[in-house]
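S.K.: Following this line is query_11.csv, made up of CSV, C-alpha atoms and all ligand atoms:
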```
chain,number,residue,atom,x,y,z
A,1,MET,CA,103.6,162.6,-58.2
A,2,LYS,CA,106.9,161.3,-59.8
A,3,GLU,CA,105.3,161.6,-63.3
A,4,ARG,CA,104.2,165.1,-62.7
A,5,VAL,CA,107.7,166.1,-61.5
A,6,GLY,CA,109.2,164.5,-64.6
A,7,GLU,CA,106.8,166.4,-66.8
A,8,ILE,CA,107.7,169.7,-65.1
A,9,LEU,CA,111.4,168.9,-65.6
A,10,ASN,CA,110.9,168.1,-69.2
A,11,LEU,CA,109.0,171.2,-69.9
A,12,LEU,CA,111.5,173.4,-68.1
A,13,GLU,CA,114.3,171.7,-70.1
A,14,LYS,CA,112.5,172.5,-73.3
A,15,ILE,CA,112.3,176.2,-72.5
A,16,TYR,CA,115.8,176.4,-71.0
A,17,PRO,CA,118.0,173.7,-72.5
A,18,GLU,CA,121.2,175.2,-71.1
A,19,PRO,CA,120.2,177.6,-68.3
A,20,LYS,CA,123.0,179.9,-67.0
A,21,LEU,CA,123.5,182.1,-64.0
A,22,ALA,CA,123.1,185.8,-64.9
A,23,LEU,CA,126.0,186.8,-62.6
A,24,SER,CA,129.4,187.1,-64.3
A,25,PHE,CA,132.4,185.4,-62.7
A,26,ASN,CA,135.6,183.5,-63.6
A,27,ASN,CA,136.3,181.6,-60.4
A,28,PRO,CA,134.8,180.6,-57.0
A,29,LEU,CA,136.1,183.8,-55.3
A,30,GLU,CA,134.5,186.0,-57.9
A,31,LEU,CA,131.2,184.2,-57.7
A,32,LEU,CA,131.3,184.5,-53.9
A,33,ILE,CA,131.8,188.3,-54.1
A,34,ALA,CA,129.1,188.6,-56.9
A,35,THR,CA,126.5,186.7,-54.8
A,36,ILE,CA,127.2,188.8,-51.7
A,37,LEU,CA,126.8,191.9,-53.8
A,38,ALA,CA,123.6,190.6,-55.5
A,39,ALA,CA,121.5,190.5,-52.3
A,40,GLN,CA,118.6,192.8,-53.0
A,41,CYS,CA,120.4,194.3,-56.0
A,42,THR,CA,119.9,193.5,-59.7
A,43,ASP,CA,122.3,191.1,-61.5
A,44,LEU,CA,122.8,193.7,-64.2
A,45,LYS,CA,124.1,196.3,-61.6
A,46,VAL,CA,126.3,193.7,-59.9
A,47,ASN,CA,127.8,192.7,-63.3
A,48,GLN,CA,128.5,196.4,-64.1
A,49,ILE,CA,130.3,196.9,-60.7
A,50,SER,CA,132.0,193.5,-60.6
A,51,SER,CA,133.6,193.9,-64.1
A,52,ARG,CA,135.6,196.8,-62.6
A,53,LEU,CA,136.1,195.2,-59.2
A,54,PHE,CA,137.5,191.9,-60.5
A,55,LYS,CA,140.1,193.8,-62.5
A,56,LYS,CA,141.2,195.7,-59.4
A,57,TYR,CA,141.2,192.8,-56.9
A,58,LYS,CA,142.5,189.5,-58.0
A,59,SER,CA,143.0,187.4,-54.9
A,60,VAL,CA,141.6,186.6,-51.5
A,61,LYS,CA,144.5,188.5,-50.1
A,62,ASP,CA,143.6,191.6,-52.1
A,63,TYR,CA,140.2,191.7,-50.5
A,64,ALA,CA,141.5,190.9,-47.0
A,65,MET,CA,144.0,193.7,-47.2
A,66,VAL,CA,141.9,196.5,-48.7
A,67,ASP,CA,140.9,199.4,-46.6
A,68,ILE,CA,137.1,199.2,-46.0
A,69,LYS,CA,136.6,202.8,-47.2
A,70,ASP,CA,138.3,202.0,-50.5
A,71,LEU,CA,136.1,198.9,-51.0
A,72,GLU,CA,133.0,200.8,-50.0
A,73,ASN,CA,133.9,203.4,-52.6
A,74,ASP,CA,134.3,200.8,-55.3
A,75,ILE,CA,130.9,199.3,-54.7
A,76,LYS,CA,129.0,202.3,-53.5
A,77,GLU,CA,126.3,202.0,-56.3
A,78,ILE,CA,125.3,198.6,-54.8
A,79,THR,CA,122.5,198.4,-52.2
A,80,PHE,CA,123.7,198.0,-48.7
A,81,TYR,CA,127.3,198.6,-49.9
A,82,LYS,CA,128.7,199.3,-46.4
A,83,ASN,CA,127.5,195.9,-45.0
A,84,LYS,CA,128.6,194.1,-48.1
A,85,ALA,CA,132.1,195.7,-48.1
A,86,ALA,CA,132.4,194.5,-44.4
A,87,TYR,CA,131.2,191.0,-45.3
A,88,ILE,CA,133.7,190.7,-48.2
A,89,ILE,CA,136.7,191.8,-46.1
A,90,LYS,CA,135.8,189.6,-43.1
A,91,GLY,CA,135.0,186.7,-45.4
A,92,ALA,CA,138.4,187.1,-47.2
A,93,LYS,CA,140.2,187.1,-43.8
A,94,LYS,CA,138.3,184.0,-42.7
A,95,ILE,CA,139.1,182.2,-45.9
A,96,ILE,CA,142.8,182.9,-45.4
A,97,GLU,CA,142.8,182.1,-41.7
A,98,GLU,CA,140.6,179.0,-41.7
A,99,PHE,CA,140.4,177.6,-45.2
A,100,GLY,CA,143.9,177.8,-46.5
A,101,GLY,CA,143.2,180.8,-48.8
A,102,LYS,CA,140.6,178.9,-50.9
A,103,VAL,CA,136.8,179.3,-51.0
A,104,PRO,CA,135.6,176.1,-49.4
A,105,GLN,CA,133.4,173.7,-51.4
A,106,ASP,CA,131.6,172.3,-48.4
A,107,ILE,CA,128.2,173.8,-47.5
A,108,SER,CA,128.9,173.6,-43.8
A,109,LYS,CA,132.0,175.7,-44.2
A,110,LEU,CA,130.5,178.1,-46.8
A,111,ILE,CA,127.6,179.1,-44.6
A,112,THR,CA,130.1,180.2,-41.9
A,113,LEU,CA,131.3,183.1,-44.2
A,114,PRO,CA,129.7,186.5,-43.4
A,115,GLY,CA,126.8,187.3,-45.7
A,116,VAL,CA,126.6,183.7,-47.0
A,117,GLY,CA,123.4,181.6,-46.3
A,118,ARG,CA,122.3,178.3,-47.8
A,119,LYS,CA,121.1,180.0,-51.0
A,120,THR,CA,124.4,181.6,-51.8
A,121,ALA,CA,126.3,178.5,-50.7
A,122,ASN,CA,124.2,176.3,-53.0
A,123,ILE,CA,124.7,178.8,-55.9
A,124,LEU,CA,128.4,178.5,-55.4
A,125,ILE,CA,128.4,174.7,-55.2
A,126,GLY,CA,126.2,174.4,-58.3
A,127,ASN,CA,128.0,176.9,-60.4
A,128,ALA,CA,131.5,177.7,-59.3
A,129,PHE,CA,132.3,174.1,-58.2
A,130,LYS,CA,130.0,172.4,-60.8
A,131,GLY,CA,128.3,170.3,-58.2
A,132,GLN,CA,124.6,169.6,-57.7
A,133,ALA,CA,122.7,171.9,-55.4
A,134,ILE,CA,119.2,173.4,-55.2
A,135,ALA,CA,119.4,177.1,-54.3
A,136,VAL,CA,116.1,178.5,-53.1
A,137,ASP,CA,115.9,182.2,-54.0
A,138,THR,CA,112.8,184.2,-54.2
A,139,HIS,CA,111.9,182.9,-57.6
A,140,VAL,CA,112.5,179.2,-56.8
A,141,LEU,CA,110.5,179.7,-53.6
A,142,ARG,CA,107.5,181.3,-55.4
A,143,VAL,CA,107.4,179.0,-58.4
A,144,SER,CA,107.8,175.8,-56.4
A,145,ASN,CA,104.8,176.7,-54.3
A,146,ARG,CA,102.7,177.7,-57.3
A,147,LEU,CA,103.5,174.5,-59.1
A,148,GLY,CA,102.7,172.5,-56.1
A,149,LEU,CA,106.3,171.2,-55.7
A,150,ALA,CA,106.4,172.7,-52.2
A,151,THR,CA,104.0,174.1,-49.6
A,152,SER,CA,106.1,176.3,-47.4
A,153,SER,CA,107.4,179.9,-47.2
A,154,ASP,CA,110.6,178.6,-45.5
A,155,PRO,CA,113.4,178.4,-48.1
A,156,ASP,CA,115.2,175.7,-46.1
A,157,LYS,CA,112.1,173.5,-46.0
A,158,VAL,CA,111.5,174.0,-49.7
A,159,GLU,CA,115.1,173.1,-50.5
A,160,GLU,CA,114.7,169.9,-48.5
A,161,ASN,CA,111.4,169.2,-50.2
A,162,LEU,CA,112.8,169.7,-53.7
A,163,THR,CA,115.9,167.6,-53.1
A,164,ARG,CA,113.6,164.7,-52.2
A,165,GLN,CA,111.6,165.1,-55.5
A,166,ILE,CA,114.2,166.2,-58.1
A,167,PRO,CA,116.8,163.7,-59.3
A,168,GLN,CA,120.2,164.8,-57.9
A,169,GLU,CA,121.9,165.1,-61.3
A,170,LYS,CA,119.4,167.8,-62.2
A,171,TRP,CA,119.5,169.9,-59.1
A,172,THR,CA,121.7,172.7,-60.5
A,173,THR,CA,120.0,173.0,-63.9
A,174,PHE,CA,116.6,172.8,-62.2
A,175,THR,CA,117.5,175.8,-60.0
A,176,LEU,CA,118.8,177.8,-62.9
A,177,ALA,CA,115.8,177.1,-65.0
A,178,MET,CA,113.4,178.0,-62.2
A,179,ILE,CA,115.2,181.3,-61.6
A,180,LEU,CA,114.9,182.2,-65.3
A,181,PHE,CA,111.3,181.0,-65.4
A,182,GLY,CA,110.4,183.0,-62.3
A,183,ARG,CA,111.9,186.1,-63.7
A,184,LYS,CA,110.4,185.9,-67.2
A,185,VAL,CA,107.2,183.9,-66.9
A,186,CYS,CA,106.0,183.1,-63.4
A,187,THR,CA,106.6,186.6,-62.1
A,188,ALA,CA,105.6,187.7,-58.6
A,189,LYS,CA,103.0,190.1,-60.0
A,190,ASN,CA,101.0,189.4,-63.2
A,191,PRO,CA,102.5,185.9,-64.0
A,192,LYS,CA,102.1,185.1,-67.7
A,193,CYS,CA,99.8,182.2,-67.1
A,194,GLY,CA,98.1,182.7,-70.5
A,195,THR,CA,101.3,181.8,-72.4
A,196,CYS,CA,102.8,179.5,-69.8
A,197,VAL,CA,103.8,176.0,-71.0
A,198,LEU,CA,103.5,174.7,-67.4
A,199,TYR,CA,99.9,175.8,-67.1
A,200,GLY,CA,98.6,172.2,-67.3
A,201,VAL,CA,100.8,171.0,-64.5
A,202,CYS,CA,100.5,174.1,-62.3
A,203,ARG,CA,98.5,173.7,-59.1
A,204,TRP,CA,98.2,177.4,-58.3
A,205,GLU,CA,94.6,178.3,-57.7
A,206,GLY,CA,95.3,181.9,-58.8
A,207,LYS,CA,96.5,180.9,-62.3
A,208,LYS,CA,94.7,182.8,-65.0
A,209,ILE,CA,94.5,182.6,-68.7
A,210,SER,CA,94.7,186.1,-70.0
A,211,GLY,CA,94.5,186.7,-73.7
A,212,LYS,CA,96.8,184.3,-75.6
A,213,LYS,CA,96.5,180.6,-76.0
A,214,ILE,CA,98.2,178.2,-73.5
A,215,GLY,CA,101.5,176.9,-74.6
A,216,LYS,CA,102.0,179.4,-77.4
B,1,LIG,FE1,103.2,180.4,-62.9
B,1,LIG,FE2,100.9,180.8,-64.1
B,1,LIG,FE3,102.6,179.2,-65.2
B,1,LIG,FE4,101.4,178.5,-63.0
B,1,LIG,S1,100.4,178.8,-65.0
B,1,LIG,S2,103.6,178.2,-63.4
B,1,LIG,S3,101.3,180.5,-61.9
B,1,LIG,S4,102.9,181.4,-64.9
```
Go through the file and emit its structure as structure tokens.
Ligand code: SF4
M.R.:
Amino acid sequence: MKERVGEILNLLEKIYPEPKLALSFNNPLELLIATILAAQCTDLKVNQISSRLFKKYKSVKDYAMVDIKDLENDIKEITFYKNKAAYIIKGAKKIIEEFGGKVPQDISKLITLPGVGRKTANILIGNAFKGQAIAVDTHVLRVSNRLGLATSSDPDKVEENLTRQIPQEKWTTFTLAMILFGRKVCTAKNPKCGTCVLYGVCRWEGKKISGKKIGK
């Protein structure tokens, strides 16, 4: 099992030597806002909106003080913008009142913020705080199951499963590579199995070779 996991990691590293998050941010607060906005919305749209938003609001206090109608107006092109505006304002107030005005680095504190679950918290830990964390989004969930690294539809169980198999120093890059791989290759519909470099190590019964040669 360990060898197979090592092979998967090596192959992913070859395709994505330096995987990066698609969301734009300059600090933990901006990544927190961007991840809240990104729920069921494209990263492209979030980046378009956040580039304006981050010029207008610079600090936690700015978000805590803004009138909700103004913030809703600023993010109205984002899905569920009303809920998200409320999360952002409540979260900013909580950060000031309970965490000394700084986005906490601890997962147990991060998940107490409105609109923040383990996935978002782990994205923050891995990317804004440069820690090691496995964030199980829809892509990581699907690809892990197809590859046979997990056998559950529960993201928390899959996270636990993956953290037991993947060396800790690779948790964040593994997550980022899996997100990119899930978006580009192992897509939900019509995965590109025929050109997938992981074909040989993939355990998905539905994998299909369609057209081109494996690994090319
Ligand atoms: Fe995904 Fe197909 Fe590659 Fe398996 S072979 S990892 S299902 S794209």
S.K.: The residues within 10 Å of (103.2, 183.2, -63.4), using only C-alpha atoms and the coordinates of the file, should be reported as a ChimeraX atom specification; which are they?
M.R.: /A:142-143,146-147,181-196,198-199,202,204,206-208
S.K.: Might you pull out every residue within 10 Å of A:Glu77, with only C-alpha atoms counted and same-chain residues fewer than 3 positions away left off, and present them as a list in words?
M.R.: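 Residues meeting the cut-off are Cys41, Lys45, Val46, Gln48, Ile49, Glu72, Asn73, Asp74, Phe80 and Tyr81 of chain A.
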S.K.: Fewer than 5 positions away in the same chain doesn't count, so skip those; otherwise give me all residues within 12 Å of A:Leu32, counting all atoms listed in the file, as number ranges by chain.
M.R.: A: 23-27, 37-39, 50, 54, 60, 63, 84, 87-89, 91-92, 95, 102-105, 110-111, 113-117, 119-125, 127-129
S.K.: Using the selection just defined, write its residues with C-alpha atoms as a PDB file, in the coordinates of the input.
M.R.:
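Output saved as result39.pdb:
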```pdb
ATOM      1  CA  LEU A  23     126.000 186.800 -62.600  1.00  0.00           C
ATOM      2  CA  SER A  24     129.400 187.100 -64.300  1.00  0.00           C
ATOM      3  CA  PHE A  25     132.400 185.400 -62.700  1.00  0.00           C
ATOM      4  CA  ASN A  26     135.600 183.500 -63.600  1.00  0.00           C
ATOM      5  CA  ASN A  27     136.300 181.600 -60.400  1.00  0.00           C
ATOM      6  CA  LEU A  37     126.800 191.900 -53.800  1.00  0.00           C
ATOM      7  CA  ALA A  38     123.600 190.600 -55.500  1.00  0.00           C
ATOM      8  CA  ALA A  39     121.500 190.500 -52.300  1.00  0.00           C
ATOM      9  CA  SER A  50     132.000 193.500 -60.600  1.00  0.00           C
ATOM     10  CA  PHE A  54     137.500 191.900 -60.500  1.00  0.00           C
ATOM     11  CA  VAL A  60     141.600 186.600 -51.500  1.00  0.00           C
ATOM     12  CA  TYR A  63     140.200 191.700 -50.500  1.00  0.00           C
ATOM     13  CA  LYS A  84     128.600 194.100 -48.100  1.00  0.00           C
ATOM     14  CA  TYR A  87     131.200 191.000 -45.300  1.00  0.00           C
ATOM     15  CA  ILE A  88     133.700 190.700 -48.200  1.00  0.00           C
ATOM     16  CA  ILE A  89     136.700 191.800 -46.100  1.00  0.00           C
ATOM     17  CA  GLY A  91     135.000 186.700 -45.400  1.00  0.00           C
ATOM     18  CA  ALA A  92     138.400 187.100 -47.200  1.00  0.00           C
ATOM     19  CA  ILE A  95     139.100 182.200 -45.900  1.00  0.00           C
ATOM     20  CA  LYS A 102     140.600 178.900 -50.900  1.00  0.00           C
ATOM     21  CA  VAL A 103     136.800 179.300 -51.000  1.00  0.00           C
ATOM     22  CA  PRO A 104     135.600 176.100 -49.400  1.00  0.00           C
ATOM     23  CA  GLN A 105     133.400 173.700 -51.400  1.00  0.00           C
ATOM     24  CA  LEU A 110     130.500 178.100 -46.800  1.00  0.00           C
ATOM     25  CA  ILE A 111     127.600 179.100 -44.600  1.00  0.00           C
ATOM     26  CA  LEU A 113     131.300 183.100 -44.200  1.00  0.00           C
ATOM     27  CA  PRO A 114     129.700 186.500 -43.400  1.00  0.00           C
ATOM     28  CA  GLY A 115     126.800 187.300 -45.700  1.00  0.00           C
ATOM     29  CA  VAL A 116     126.600 183.700 -47.000  1.00  0.00           C
ATOM     30  CA  GLY A 117     123.400 181.600 -46.300  1.00  0.00           C
ATOM     31  CA  LYS A 119     121.100 180.000 -51.000  1.00  0.00           C
ATOM     32  CA  THR A 120     124.400 181.600 -51.800  1.00  0.00           C
ATOM     33  CA  ALA A 121     126.300 178.500 -50.700  1.00  0.00           C
ATOM     34  CA  ASN A 122     124.200 176.300 -53.000  1.00  0.00           C
ATOM     35  CA  ILE A 123     124.700 178.800 -55.900  1.00  0.00           C
ATOM     36  CA  LEU A 124     128.400 178.500 -55.400  1.00  0.00           C
ATOM     37  CA  ILE A 125     128.400 174.700 -55.200  1.00  0.00           C
ATOM     38  CA  ASN A 127     128.000 176.900 -60.400  1.00  0.00           C
ATOM     39  CA  ALA A 128     131.500 177.700 -59.300  1.00  0.00           C
ATOM     40  CA  PHE A 129     132.300 174.100 -58.200  1.00  0.00           C
TER      41      PHE A 129
END
```
S.K.: Let me make sure I understand: among A:Ile134, A:Leu53, A:Ile78, A:Ile96, which one has the smallest atom-to-atom distance to A:Met65 if we use all atoms listed in the file?
M.R.: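 Looking at the shortest contact to A:Met65, the residue is A:Ile96.
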S.K.: To one decimal place, how far is atom CA of A:Thr173 from atom CA of A:Ile15 in Å?
M.R.: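 Computing the Euclidean distance for atom CA of A:Thr173 and atom CA of A:Ile15 yields 12.0 Å.
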S.K.: Pick the closest to A:Ile107 from A:Ala85, A:Ala133, A:Ala34, A:Leu21: which is it, counting only C-alpha atoms?
M.R.: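 Answer, going by the shortest atom-to-atom distance: A:Ala133.
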S.K.: Between A:Asn83, A:Glu7, A:Val201, A:Lys61, single out the one closest to A:Gly100, counting all atoms listed in the file.
M.R.: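 Nearest candidate to A:Gly100 out of A:Asn83, A:Glu7, A:Val201, A:Lys61: A:Lys61.
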S.K.: Nearest to A:Leu31 among A:Asn47, A:Ser108, A:Thr172, A:Asn10, with distances taken over all atoms listed in the file: which residue is it?
M.R.: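 Of A:Asn47, A:Ser108, A:Thr172, A:Asn10, the one nearest A:Leu31, counting all atoms listed in the file, is A:Asn47.
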S.K.: Select, from A:Lys69, A:Lys14, A:Arg4, A:Lys109, the residue with the minimum atom-to-atom distance to A:Gln165, counting all atoms listed in the file.
M.R.: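 Nearest to A:Gln165: A:Arg4.
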S.K.: Could you check how far atom S3 of ligand LIG 1 (chain B) sits from atom CA of A:Gly148, in Å to one decimal?
M.R.: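 Going from atom S3 of ligand LIG 1 (chain B) over to atom CA of A:Gly148, I get 10.0 Å.
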S.K.: Which is closer to A:Arg203 than all the others in A:Ile179, A:Lys93, A:Phe174, A:Ile8, using all atoms listed in the file?
M.R.: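 Ranked by minimum distance to A:Arg203, first place goes to A:Ile8.
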S.K.: Could you jot down the atom CA of A:Leu176 to atom CA of A:Lys20 separation for me, Å, one decimal place?
M.R.: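 Atom-to-atom, atom CA of A:Leu176 and atom CA of A:Lys20 are spaced 6.2 Å apart.
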